[in-house]
file structure-v7.txt (compact mmCIF, C-alpha atoms)
# COMPACT_ATOMS: atom_id res chain seq x y z
CA MET A 8 70.26 108.83 108.53
CA ASP A 9 73.89 109.80 108.41
CA ASP A 10 73.00 113.42 108.72
CA ASP A 11 71.14 112.74 111.88
CA MET A 12 74.10 110.93 113.27
CA VAL A 13 76.28 113.87 112.49
CA PHE A 14 73.96 116.39 113.94
CA ASP A 15 73.27 114.63 117.19
CA PRO A 16 76.59 115.45 118.83
CA SER A 17 76.25 119.05 117.82
CA LEU A 18 72.94 119.15 119.56
CA LYS A 19 74.53 117.87 122.70
CA LYS A 20 77.29 120.39 122.39
CA LYS A 21 74.82 123.15 122.09
CA LYS A 22 73.17 121.91 125.14
CA LYS A 23 76.35 122.26 127.11
CA LYS A 24 77.02 125.63 125.73
CA LYS A 25 73.62 126.81 126.55
CA THR A 26 73.73 125.69 130.13
CA GLY A 27 77.09 127.31 130.62
CA PHE A 28 75.80 130.43 129.11
CA ASP A 29 72.69 130.42 131.20
CA ILE A 30 74.61 130.26 134.40
CA ASP A 31 76.74 133.08 133.31
CA ALA A 32 73.81 135.09 132.20
CA ALA A 33 71.91 134.41 135.37
CA LEU A 34 74.85 135.31 137.54
CA ALA A 35 76.02 138.24 135.59
CA GLY A 36 72.63 139.70 134.87
CA GLU A 37 73.26 142.87 132.99
CA GLN A 38 76.87 142.02 132.33
CA GLY A 39 75.76 138.92 130.46
CA GLU A 40 76.83 140.49 127.25
CA SER A 41 80.50 140.06 127.82
CA THR A 42 80.26 136.55 129.22
CA SER A 43 78.09 135.36 126.43
CA VAL A 44 80.66 136.40 123.91
CA GLU A 45 83.31 134.41 125.61
CA ALA A 46 81.28 131.29 126.06
CA PRO A 47 81.27 130.01 122.48
CA ALA A 48 84.84 131.13 121.88
CA GLY A 49 86.05 129.06 124.77
CA THR A 50 84.09 125.93 124.01
CA GLY A 51 85.90 124.97 120.83
CA ASP A 52 87.77 126.50 117.98
CA VAL A 53 86.28 124.06 115.55
CA ASP A 54 82.83 125.46 115.97
CA LEU A 55 83.81 129.01 115.42
CA PRO A 56 83.77 129.37 111.65
CA GLU A 57 80.38 127.78 111.39
CA ASP A 58 79.00 130.00 114.02
CA ASP A 59 80.24 132.98 112.28
CA ASN A 60 78.75 132.06 108.99
CA LEU A 61 75.50 131.66 110.72
CA ASP A 62 75.52 135.05 112.20
CA LEU A 63 76.49 136.54 108.90
CA ASP A 64 73.42 135.02 107.42
CA ASN A 65 71.24 136.09 110.17
CA PHE A 66 72.29 139.66 110.00
CA GLY A 67 71.80 139.63 106.30
CA LYS A 68 68.37 138.13 106.48
CA LYS A 69 66.99 139.70 109.61
CA LYS A 70 64.74 136.82 110.47
CA LYS A 71 66.07 136.43 113.93
CA LYS A 72 63.10 136.56 116.23
CA LYS A 73 60.73 134.21 114.52
CA LYS A 74 63.31 131.53 113.97
CA LYS A 75 64.48 131.71 117.49
CA ALA A 76 61.12 130.87 118.93
CA VAL A 77 60.44 128.00 116.57
CA PHE A 78 63.74 126.25 116.83
CA ASN A 79 64.05 126.56 120.50
CA MET A 80 60.95 124.47 120.84
CA GLU A 81 62.26 121.92 118.43
CA GLU A 82 65.47 121.71 120.23
CA LEU A 83 63.74 121.21 123.49
CA GLU A 84 61.97 118.22 122.09
CA SER A 85 64.98 116.78 120.40
CA THR A 86 67.39 117.14 123.25
CA LEU A 87 65.22 115.94 126.06
CA PRO A 88 64.78 112.31 125.01
CA GLU A 89 68.51 111.88 124.81
CA THR A 90 69.29 112.99 128.30
CA PRO A 91 69.00 110.54 131.17
CA PRO A 92 65.74 110.87 133.12
CA ALA A 93 67.42 111.88 136.37
CA GLU A 94 68.68 115.10 134.93
CA GLU A 95 65.56 115.97 133.10
CA PRO A 96 63.89 118.29 135.57
CA GLU A 97 66.98 120.38 136.06
CA GLN A 98 67.47 120.82 132.40
CA GLN A 99 63.93 121.77 131.88
CA GLU A 100 64.39 124.44 134.46
CA ASP A 101 67.47 125.54 132.69
CA GLU A 102 65.66 125.89 129.50
CA VAL A 103 62.90 127.82 131.07
CA ILE A 104 65.45 130.21 132.40
CA ASP A 105 67.03 130.30 129.04
CA ASP A 106 63.81 131.23 127.39
CA LEU A 107 63.25 133.93 129.88
CA ASP A 108 66.67 135.27 129.25
CA LEU A 109 66.11 135.28 125.60
CA ASP A 110 62.89 137.13 125.96
CA ILE A 111 64.42 139.73 128.14
CA ASP A 112 67.21 140.25 125.74
CA PHE A 113 65.02 140.59 122.77
CA SER A 114 62.80 143.02 124.45
CA LYS A 115 65.82 145.22 124.83
CA THR A 116 67.03 144.50 121.26
CA LYS A 117 70.16 146.54 121.70
CA LYS A 118 72.64 143.83 122.47
CA LYS A 119 73.53 142.54 119.10
CA LYS A 120 76.30 140.27 120.20
CA LYS A 121 74.17 138.48 122.68
CA LYS A 122 71.50 138.02 120.13
CA LYS A 123 73.98 136.63 117.73
CA ASN A 124 75.18 134.04 120.16
CA ILE A 125 71.77 132.82 121.04
CA GLU A 126 70.95 132.38 117.45
CA GLU A 127 74.11 130.53 116.86
CA LEU A 128 73.17 128.07 119.47
CA VAL A 129 69.66 127.65 118.27
CA LEU A 130 70.01 127.77 114.53
CA GLU A 131 73.23 125.93 114.18
CA ASP A 132 72.05 122.80 112.47
CA ASP A 133 69.23 124.32 110.51
CA THR A 134 71.17 126.92 108.61
CA LYS A 135 74.10 124.68 107.90
CA GLY A 136 72.80 123.91 104.46
CA GLU A 137 71.80 127.46 103.77
CA ASP A 138 74.93 129.27 104.68
CA GLN A 139 77.01 127.55 102.06
CA GLU A 140 74.84 129.14 99.42
CA ASN A 141 74.53 132.43 101.14
CA VAL A 142 78.15 133.08 101.89
CA GLU A 143 78.75 134.53 98.47
CA ASP A 144 75.72 136.78 98.63
CA VAL A 145 76.67 138.29 101.94
CA SER A 146 79.89 139.83 100.80
CA GLY A 147 79.29 143.35 102.08
CA ASP A 148 80.70 144.61 105.33
CA LEU A 149 78.20 143.40 107.80
CA TRP A 150 79.56 145.50 110.59
CA SER A 151 79.54 148.74 108.63
CA GLY A 152 76.12 149.83 109.80
CA THR A 153 76.51 148.55 113.31
CA ASP A 154 78.77 149.78 116.06
CA ARG A 155 80.08 146.35 117.01
CA ASP A 156 83.60 145.13 116.37
CA TYR A 157 84.20 142.84 113.43
CA THR A 158 85.32 139.35 114.30
CA TYR A 159 88.34 137.59 112.92
CA ASP A 160 86.26 135.17 110.93
CA GLU A 161 84.30 137.91 109.30
CA LEU A 162 87.47 139.59 108.20
CA LEU A 163 88.77 136.30 106.89
CA GLU A 164 85.58 135.80 104.95
CA ARG A 165 85.93 139.26 103.51
CA VAL A 166 89.49 138.67 102.37
CA PHE A 167 88.51 135.47 100.64
CA ASP A 168 85.58 137.16 98.95
CA ILE A 169 87.86 139.85 97.62
CA MET A 170 90.33 137.26 96.44
CA ARG A 171 87.62 135.40 94.62
CA GLU A 172 86.40 138.59 92.98
CA LYS A 173 89.84 139.62 91.82
CA ASN A 174 90.83 136.34 90.23
CA PRO A 175 87.84 134.25 89.24
CA SER A 176 90.05 131.60 87.68
CA MET A 177 90.99 130.40 91.13
CA VAL A 178 87.38 129.60 91.94
CA SER A 179 86.27 128.01 88.72
CA GLY A 180 89.12 125.79 87.60
CA LYS A 181 91.13 125.65 90.82
CA LYS A 182 94.15 125.25 88.56
CA GLN A 183 94.70 124.96 84.87
CA LYS A 184 95.42 121.45 83.81
CA PHE A 185 99.01 120.97 82.92
CA ILE A 186 98.88 119.08 79.68
CA MET A 187 101.86 117.13 78.54
CA ARG A 188 102.44 114.65 75.81
CA PRO A 189 102.99 111.16 77.08
CA PRO A 190 106.50 109.79 76.96
CA GLN A 191 107.20 107.51 74.03
CA VAL A 192 108.91 104.50 75.44
CA VAL A 193 110.15 101.78 73.13
CA ARG A 194 112.15 98.69 73.90
CA ILE A 195 115.46 98.32 72.10
CA GLY A 196 116.44 94.69 71.98
CA THR A 197 115.95 92.89 75.28
CA LYS A 198 117.99 94.95 77.70
CA LYS A 199 117.58 98.57 76.74
CA THR A 200 114.71 101.01 76.59
CA SER A 201 114.46 104.12 74.45
CA PHE A 202 112.70 107.24 75.64
CA ALA A 203 112.10 108.84 72.26
CA ASN A 204 110.65 112.28 73.04
CA PHE A 205 112.93 112.97 75.98
CA THR A 206 114.21 116.37 74.85
CA GLU A 207 110.73 117.40 73.81
CA ILE A 208 109.46 116.73 77.28
CA CYS A 209 112.38 118.60 78.77
CA LYS A 210 111.38 121.58 76.67
CA THR A 211 107.74 121.49 77.73
CA LEU A 212 108.83 121.29 81.35
CA HIS A 213 111.43 124.07 80.87
CA ARG A 214 114.10 121.97 82.50
CA GLN A 215 117.64 121.13 81.57
CA PRO A 216 117.81 117.67 79.94
CA LYS A 217 120.69 116.85 82.23
CA HIS A 218 118.65 117.48 85.34
CA LEU A 219 115.78 115.27 84.21
CA LEU A 220 118.27 112.66 83.05
CA ASP A 221 119.93 112.62 86.45
CA PHE A 222 116.60 112.25 88.16
CA LEU A 223 115.38 109.46 85.90
CA LEU A 224 118.55 107.46 86.23
CA ALA A 225 118.72 107.92 89.98
CA GLU A 226 115.11 106.91 90.45
CA LEU A 227 115.28 103.91 88.17
CA GLY A 228 118.62 102.89 89.54
CA THR A 229 120.19 102.29 86.15
CA SER A 230 122.51 103.94 83.70
CA GLY A 231 121.76 105.56 80.40
CA SER A 232 122.60 108.35 78.00
CA VAL A 233 121.18 110.62 75.35
CA ASP A 234 122.07 109.40 71.88
CA GLY A 235 122.59 111.19 68.55
CA ASN A 236 118.95 111.79 67.61
CA SER A 237 118.13 113.23 71.04
CA GLN A 238 116.51 110.18 72.50
CA LEU A 239 117.33 108.72 75.86
CA ILE A 240 118.59 105.17 76.07
CA ILE A 241 118.12 103.57 79.46
CA LYS A 242 119.55 100.25 80.48
CA GLY A 243 116.85 97.87 81.65
CA ARG A 244 113.30 97.11 80.64
CA PHE A 245 110.78 99.82 81.33
CA GLN A 246 107.25 100.37 80.21
CA GLN A 247 105.61 103.66 79.36
CA LYS A 248 103.49 103.52 82.48
CA GLN A 249 106.51 103.17 84.70
CA ILE A 250 108.31 106.08 83.06
CA GLU A 251 105.15 108.13 83.38
CA ASN A 252 105.10 107.46 87.09
CA VAL A 253 108.63 108.66 87.52
CA LEU A 254 107.98 111.72 85.37
CA ARG A 255 104.97 112.54 87.48
CA ARG A 256 107.10 112.42 90.59
CA TYR A 257 109.67 114.65 88.91
CA ILE A 258 107.03 117.20 87.99
CA LYS A 259 105.63 117.19 91.48
CA GLU A 260 109.00 117.77 93.07
CA TYR A 261 110.90 119.90 90.57
CA VAL A 262 108.39 121.56 88.26
CA THR A 263 105.21 122.58 90.06
CA CYS A 264 105.43 125.31 92.65
CA HIS A 265 105.15 123.89 96.12
CA THR A 266 103.00 126.80 97.24
CA CYS A 267 100.55 127.45 94.41
CA ARG A 268 101.13 124.37 92.23
CA SER A 269 101.63 126.43 89.14
CA PRO A 270 103.94 124.80 86.57
CA ASP A 271 105.33 128.20 85.65
CA THR A 272 108.59 127.92 87.55
CA ILE A 273 112.32 128.31 87.11
CA LEU A 274 114.91 125.99 88.61
CA GLN A 275 118.04 127.79 89.67
CA LYS A 276 121.23 126.57 91.18
CA ASP A 277 122.43 128.67 94.07
CA THR A 278 125.43 127.74 96.17
CA ARG A 279 125.18 124.02 95.46
CA LEU A 280 121.46 123.98 96.18
CA PHE A 281 118.63 123.94 93.69
CA PHE A 282 115.93 126.54 94.20
CA LEU A 283 112.52 126.51 92.61
CA GLN A 284 111.32 130.02 91.83
CA CYS A 285 107.66 130.42 90.97
CA GLU A 286 106.77 132.92 88.27
CA THR A 287 103.13 133.13 89.31
CA CYS A 288 103.22 133.61 93.06
CA GLY A 289 106.87 134.55 93.45
CA SER A 290 107.64 131.97 96.07
CA ARG A 291 111.09 130.50 96.22
CA CYS A 292 111.98 127.29 97.94
CA SER A 293 114.80 124.82 97.88
CA VAL A 294 114.24 121.37 96.41
CA ALA A 295 115.94 118.15 97.29
CA SER A 296 119.13 117.39 95.44
CA ILE A 297 119.15 114.31 93.26
CA LYS A 298 120.91 111.44 94.90
CA SER A 299 121.10 107.98 93.50
CA GLY A 300 121.75 106.51 96.94
CA PHE A 301 122.81 102.98 97.55
CA GLN A 302 123.27 100.82 94.49
CA ALA A 303 123.54 97.12 95.03
CA VAL A 304 125.83 95.01 92.94
CA THR A 305 123.71 93.34 90.31
CA GLY A 306 126.21 92.63 87.58
CA LYS A 307 128.99 90.15 87.53
CA ARG A 308 131.29 90.63 90.47
CA ALA A 309 134.21 89.19 88.59
CA ALA A 310 133.92 91.91 85.97
CA ILE A 311 133.95 94.64 88.62
CA ARG A 312 136.95 93.10 90.29
CA ALA A 313 138.76 93.00 86.99
CA LYS A 314 137.95 96.67 86.37
CA THR A 315 139.15 97.95 89.74
CA ALA A 316 142.21 95.80 90.01
CA MET B 17 86.27 138.79 123.57
CA SER B 18 89.18 136.45 123.46
CA ILE B 19 91.89 137.20 120.95
CA GLN B 20 93.17 134.10 119.24
CA ASN B 21 96.63 135.51 118.71
CA LEU B 22 97.18 135.84 122.42
CA ASN B 23 96.42 132.23 123.18
CA THR B 24 99.50 130.47 124.42
CA PHE B 25 100.89 128.07 121.86
CA ASP B 26 104.03 126.07 122.21
CA PRO B 27 105.69 125.83 118.80
CA PHE B 28 108.08 123.16 120.00
CA ALA B 29 105.44 120.86 121.42
CA ASP B 30 105.59 118.33 118.62
CA ALA B 31 109.35 118.57 118.26
CA ILE B 32 109.89 117.50 121.83
CA LYS B 33 107.36 114.73 121.55
CA SER B 34 108.80 113.22 118.40
CA SER B 35 112.37 113.18 119.66
CA GLU B 36 111.41 111.27 122.76
CA ASP B 37 109.74 108.12 121.52
CA ASP B 38 111.39 107.88 118.15
CA VAL B 39 114.57 106.11 117.27
CA GLN B 40 114.24 106.53 113.53
CA ASP B 41 115.24 109.92 112.18
CA GLY B 42 115.61 110.87 108.59
CA LEU B 43 114.12 109.28 105.53
CA VAL B 44 114.14 105.61 104.74
CA HIS B 45 114.71 105.10 101.03
CA VAL B 46 113.18 102.03 99.47
CA ARG B 47 114.56 101.41 96.00
CA ILE B 48 114.25 98.81 93.34
CA GLN B 49 116.92 97.63 90.97
CA GLN B 50 116.51 95.53 87.89
CA ARG B 51 118.59 92.46 87.48
CA ASN B 52 118.78 90.14 84.54
CA GLY B 53 115.50 89.03 83.09
CA ARG B 54 112.47 89.98 85.15
CA LYS B 55 114.31 89.69 88.40
CA THR B 56 114.57 92.60 90.75
CA LEU B 57 116.22 93.59 93.98
CA THR B 58 114.78 95.81 96.69
CA THR B 59 117.11 97.90 98.84
CA VAL B 60 116.19 99.67 102.05
CA GLN B 61 118.59 102.43 102.96
CA GLY B 62 118.56 104.76 105.93
CA LEU B 63 117.19 102.61 108.72
CA SER B 64 118.46 103.78 112.07
CA SER B 65 121.60 102.06 113.31
CA GLU B 66 119.83 101.61 116.64
CA TYR B 67 117.82 98.84 115.08
CA ASP B 68 119.25 95.38 114.71
CA LEU B 69 119.11 95.04 110.95
CA LYS B 70 119.98 91.38 111.05
CA LYS B 71 116.90 90.66 113.09
CA ILE B 72 114.80 92.79 110.76
CA VAL B 73 116.06 90.97 107.70
CA ARG B 74 115.44 87.64 109.35
CA ALA B 75 111.85 88.58 110.04
CA CYS B 76 111.38 89.99 106.55
CA LYS B 77 112.75 86.93 104.86
CA LYS B 78 110.24 84.80 106.67
CA GLU B 79 107.37 87.21 106.13
CA PHE B 80 107.86 87.83 102.41
CA ALA B 81 109.25 84.40 101.58
CA CYS B 82 112.32 85.81 99.91
CA ASN B 83 115.99 85.87 100.55
CA GLY B 84 117.73 88.92 101.88
CA THR B 85 120.89 90.25 103.39
CA VAL B 86 122.42 93.20 105.18
CA VAL B 87 125.16 95.02 103.31
CA GLU B 88 127.59 97.40 104.94
CA HIS B 89 128.27 100.52 102.91
CA PRO B 90 130.90 103.11 103.84
CA GLU B 91 128.64 106.05 103.06
CA TYR B 92 125.10 104.83 103.63
CA GLY B 93 125.72 102.52 106.58
CA GLU B 94 123.90 99.24 106.78
CA VAL B 95 121.56 98.60 103.90
CA LEU B 96 118.90 95.94 103.64
CA GLN B 97 118.68 93.92 100.45
CA LEU B 98 115.72 91.75 99.58
CA GLN B 99 115.17 89.67 96.51
CA GLY B 100 112.29 90.56 94.30
CA ASP B 101 110.02 93.60 94.28
CA GLN B 102 109.25 93.88 98.00
CA ARG B 103 108.63 97.62 98.07
CA GLU B 104 104.99 97.41 99.07
CA ASN B 105 105.65 94.60 101.52
CA ILE B 106 108.54 96.27 103.26
CA CYS B 107 106.71 99.60 103.52
CA GLN B 108 103.70 97.97 105.11
CA TRP B 109 105.81 95.86 107.40
CA LEU B 110 107.96 98.76 108.60
CA THR B 111 104.97 100.93 109.39
CA LYS B 112 102.99 98.12 110.97
CA SER B 113 105.84 97.13 113.23
CA GLY B 114 106.20 100.79 114.22
CA LEU B 115 109.83 101.05 113.24
CA VAL B 116 109.26 103.79 110.70
CA LYS B 117 106.50 106.34 110.34
CA PRO B 118 104.76 106.46 106.97
CA GLU B 119 105.96 110.02 106.31
CA GLN B 120 109.57 108.90 106.76
CA LEU B 121 109.31 106.33 103.99
CA LYS B 122 110.37 107.32 100.50
CA VAL B 123 109.79 104.83 97.74
CA HIS B 124 111.84 105.21 94.60
CA GLY B 125 111.69 103.46 91.29
CA PHE B 126 108.92 103.04 88.77

call {"tool": "encode", "arguments": {"input": "structure-v7.txt", "output": "structure tokens"}}
result
Amino acid sequence: MDDDMVFDPSLKKKKKKKTGFDIDAALAGEQGESTSVEAPAGTGDVDLPEDDNLDLDNFGKKKKKKKKAVFNMEELESTLPETPPAEEPEQQEDEVIDDLDLDIDFSKTKKKKKKKNIEELVLEDDTKGEDQENVEDVSGDLWSGTDRDYTYDELLERVFDIMREKNPSMVSGKKQKFIMRPPQVVRIGTKKTSFANFTEICKTLHRQPKHLLDFLLAELGTSGSVDGNSQLIIKGRFQQKQIENVLRRYIKEYVTCHTCRSPDTILQKDTRLFFLQCETCGSRCSVASIKSGFQAVTGKRAAIRAKTA
Amino acid sequence: MSIQNLNTFDPFADAIKSSEDDVQDGLVHVRIQQRNGRKTLTTVQGLSSEYDLKKIVRACKKEFACNGTVVEHPEYGEVLQLQGDQRENICQWLTKSGLVKPEQLKVHGF
């Protein structure tokens, strides 16, 4: 039932389009070709990609004429009940005109663009399911045999097809999983926490231990240091899950490339700013500097006063 | 055939809009600090000085049933302090009251 709900508005839209198109076609007569091209482009950018897929399919399949006749009838039936009764006669007339127009056009069979548009209007909902499967099949240049101009969306489709061909890993896995060992977090006494494999994690992330240390301490709002056997001692009680969360945020901000999300990056310092250089896609962008921000007084105020004075 | 590139597009449309109806600019940092035992402290830094922080803290104290205060800091301006882990509460409250947009909130801590 949901599908129906989704499709209903599109039907209405088509209706509008069609009427607009009819008027143009009726007025323009022979010049209908140019107006018909503009009609769908003007109605909404959102519809465009879909439309284009459709016409790709249609040109590939060459089923046009039969489908047109069948679905026009269906559409007639489906759209009429929705419209208020007062408008019914006019719309019926419109559709009659539309049919006539279609027939005239197809008898000529030279105007490919016009044909395309009509089919878009008629076949929109029916081929929606199909075109997702067919997009990959129709990778050839559809305009090569014809003398029409290629559209922007067709070119876009072509670029993406080529991209998919050249690097299949992008399609299949989207991205390789970045596997990391979980941080080993142990409590020391009641007030301190040890992050045992801290340097190991720094190595897997290819980051300076100092940078990660700064980030961790700033985020957790505590103090800490790396001890003799390369483990990090943080003041305060923390669980592994909490440290994991902070590490995840660190990786998102300072390790993975912001453009392609590859973890294969280098962090460089350039004129007081940190830059993240991606080794895979070559992008380079600045990352936020680590600031601990405001720290409230949590310890004993008397002790602080004694220190400063 | 209409060419999409030639359509008029105002790149500053959203910039103008956001500067008009918005007092808050810049990020609001919500942090948590551990105190002794399992006690914590939530700090909210970066709220616009246009807002009356005292009124905000008064409302928050009532809403979250916690104590709180406004601290003046030479570098960071006025900072809100609330007792306990109020990060979720304060984020929801700030967005719901329309003081801060969700994308301006930055939550720190574990």

call {"tool": "residues_around", "arguments": {"input": "structure-v7.txt", "residues": "A:Ile240", "least_positions_apart": "2", "cutoff": "10 Å", "atoms": "all atoms listed in the file", "output": "compact mmCIF listing (two decimals) with C-alpha atoms, in the coordinates of the input"}}
result
# COMPACT_ATOMS: atom_id res chain seq x y z
CA VAL A 192 108.91 104.50 75.44
CA VAL A 193 110.15 101.78 73.13
CA ARG A 194 112.15 98.69 73.90
CA ILE A 195 115.46 98.32 72.10
CA LYS A 199 117.58 98.57 76.74
CA THR A 200 114.71 101.01 76.59
CA SER A 201 114.46 104.12 74.45
CA PHE A 202 112.70 107.24 75.64
CA ALA A 203 112.10 108.84 72.26
CA PHE A 205 112.93 112.97 75.98
CA SER A 230 122.51 103.94 83.70
CA GLY A 231 121.76 105.56 80.40
CA SER A 232 122.60 108.35 78.00
CA VAL A 233 121.18 110.62 75.35
CA ASP A 234 122.07 109.40 71.88
CA SER A 237 118.13 113.23 71.04
CA GLN A 238 116.51 110.18 72.50
CA LYS A 242 119.55 100.25 80.48
CA GLY A 243 116.85 97.87 81.65

call {"tool": "axis_aligned_box", "arguments": {"input": "structure-v7.txt", "around": "stretch 184-200 of chain A", "padding_each_side": "6 Å", "output": "lines of an AutoDock Vina configuration file"}}
result
center_x = 106.7
center_y = 107.2
center_z = 77.9
size_x = 34.6
size_y = 40.6
size_z = 23.8

call {"tool": "closest_residue", "arguments": {"input": "structure-v7.txt", "among": "A:Arg244, A:Arg268, A:Lys314, A:Lys210", "to": "chain B", "atoms": "only C-alpha atoms"}}
result
A:Arg244

call {"tool": "residues_around", "arguments": {"input": "structure-v7.txt", "residues": "B:Ser65", "least_positions_apart": "2", "cutoff": "9 Å", "atoms": "all atoms listed in the file", "output": "ChimeraX atom specification"}}
result
/B:40,62-63,67-69,93-94

call {"tool": "interface_residues", "arguments": {"input": "structure-v7.txt", "of": "chain A", "to": "chain B", "cutoff": "7 Å", "atoms": "all atoms listed in the file", "output": "JSON, numbers by chain"}}
result
{"A": [44, 45, 226, 227, 228, 243, 249, 250, 252, 253, 301, 305]}

call {"tool": "closest_residue", "arguments": {"input": "structure-v7.txt", "among": "B:Ser64, B:Gly100, B:Val73, B:Thr85", "to": "B:Val44", "atoms": "all atoms listed in the file"}}
result
B:Ser64

call {"tool": "atom_distance", "arguments": {"input": "structure-v7.txt", "atom1": "atom CA of B:Phe80", "atom2": "atom CA of B:Glu104"}}
result
10.5 Å

call {"tool": "closest_residue", "arguments": {"input": "structure-v7.txt", "among": "A:Ile186, A:Met170, A:Leu212, A:Ala295", "to": "A:Thr272", "atoms": "only C-alpha atoms"}}
result
A:Leu212

call {"tool": "atom_distance", "arguments": {"input": "structure-v7.txt", "atom1": "atom CA of B:Ala81", "atom2": "atom CA of A:Gln246"}}
result
26.8 Å

call {"tool": "atom_distance", "arguments": {"input": "structure-v7.txt", "atom1": "atom CA of A:Leu223", "atom2": "atom CA of A:Ser269"}}
result
22.1 Å
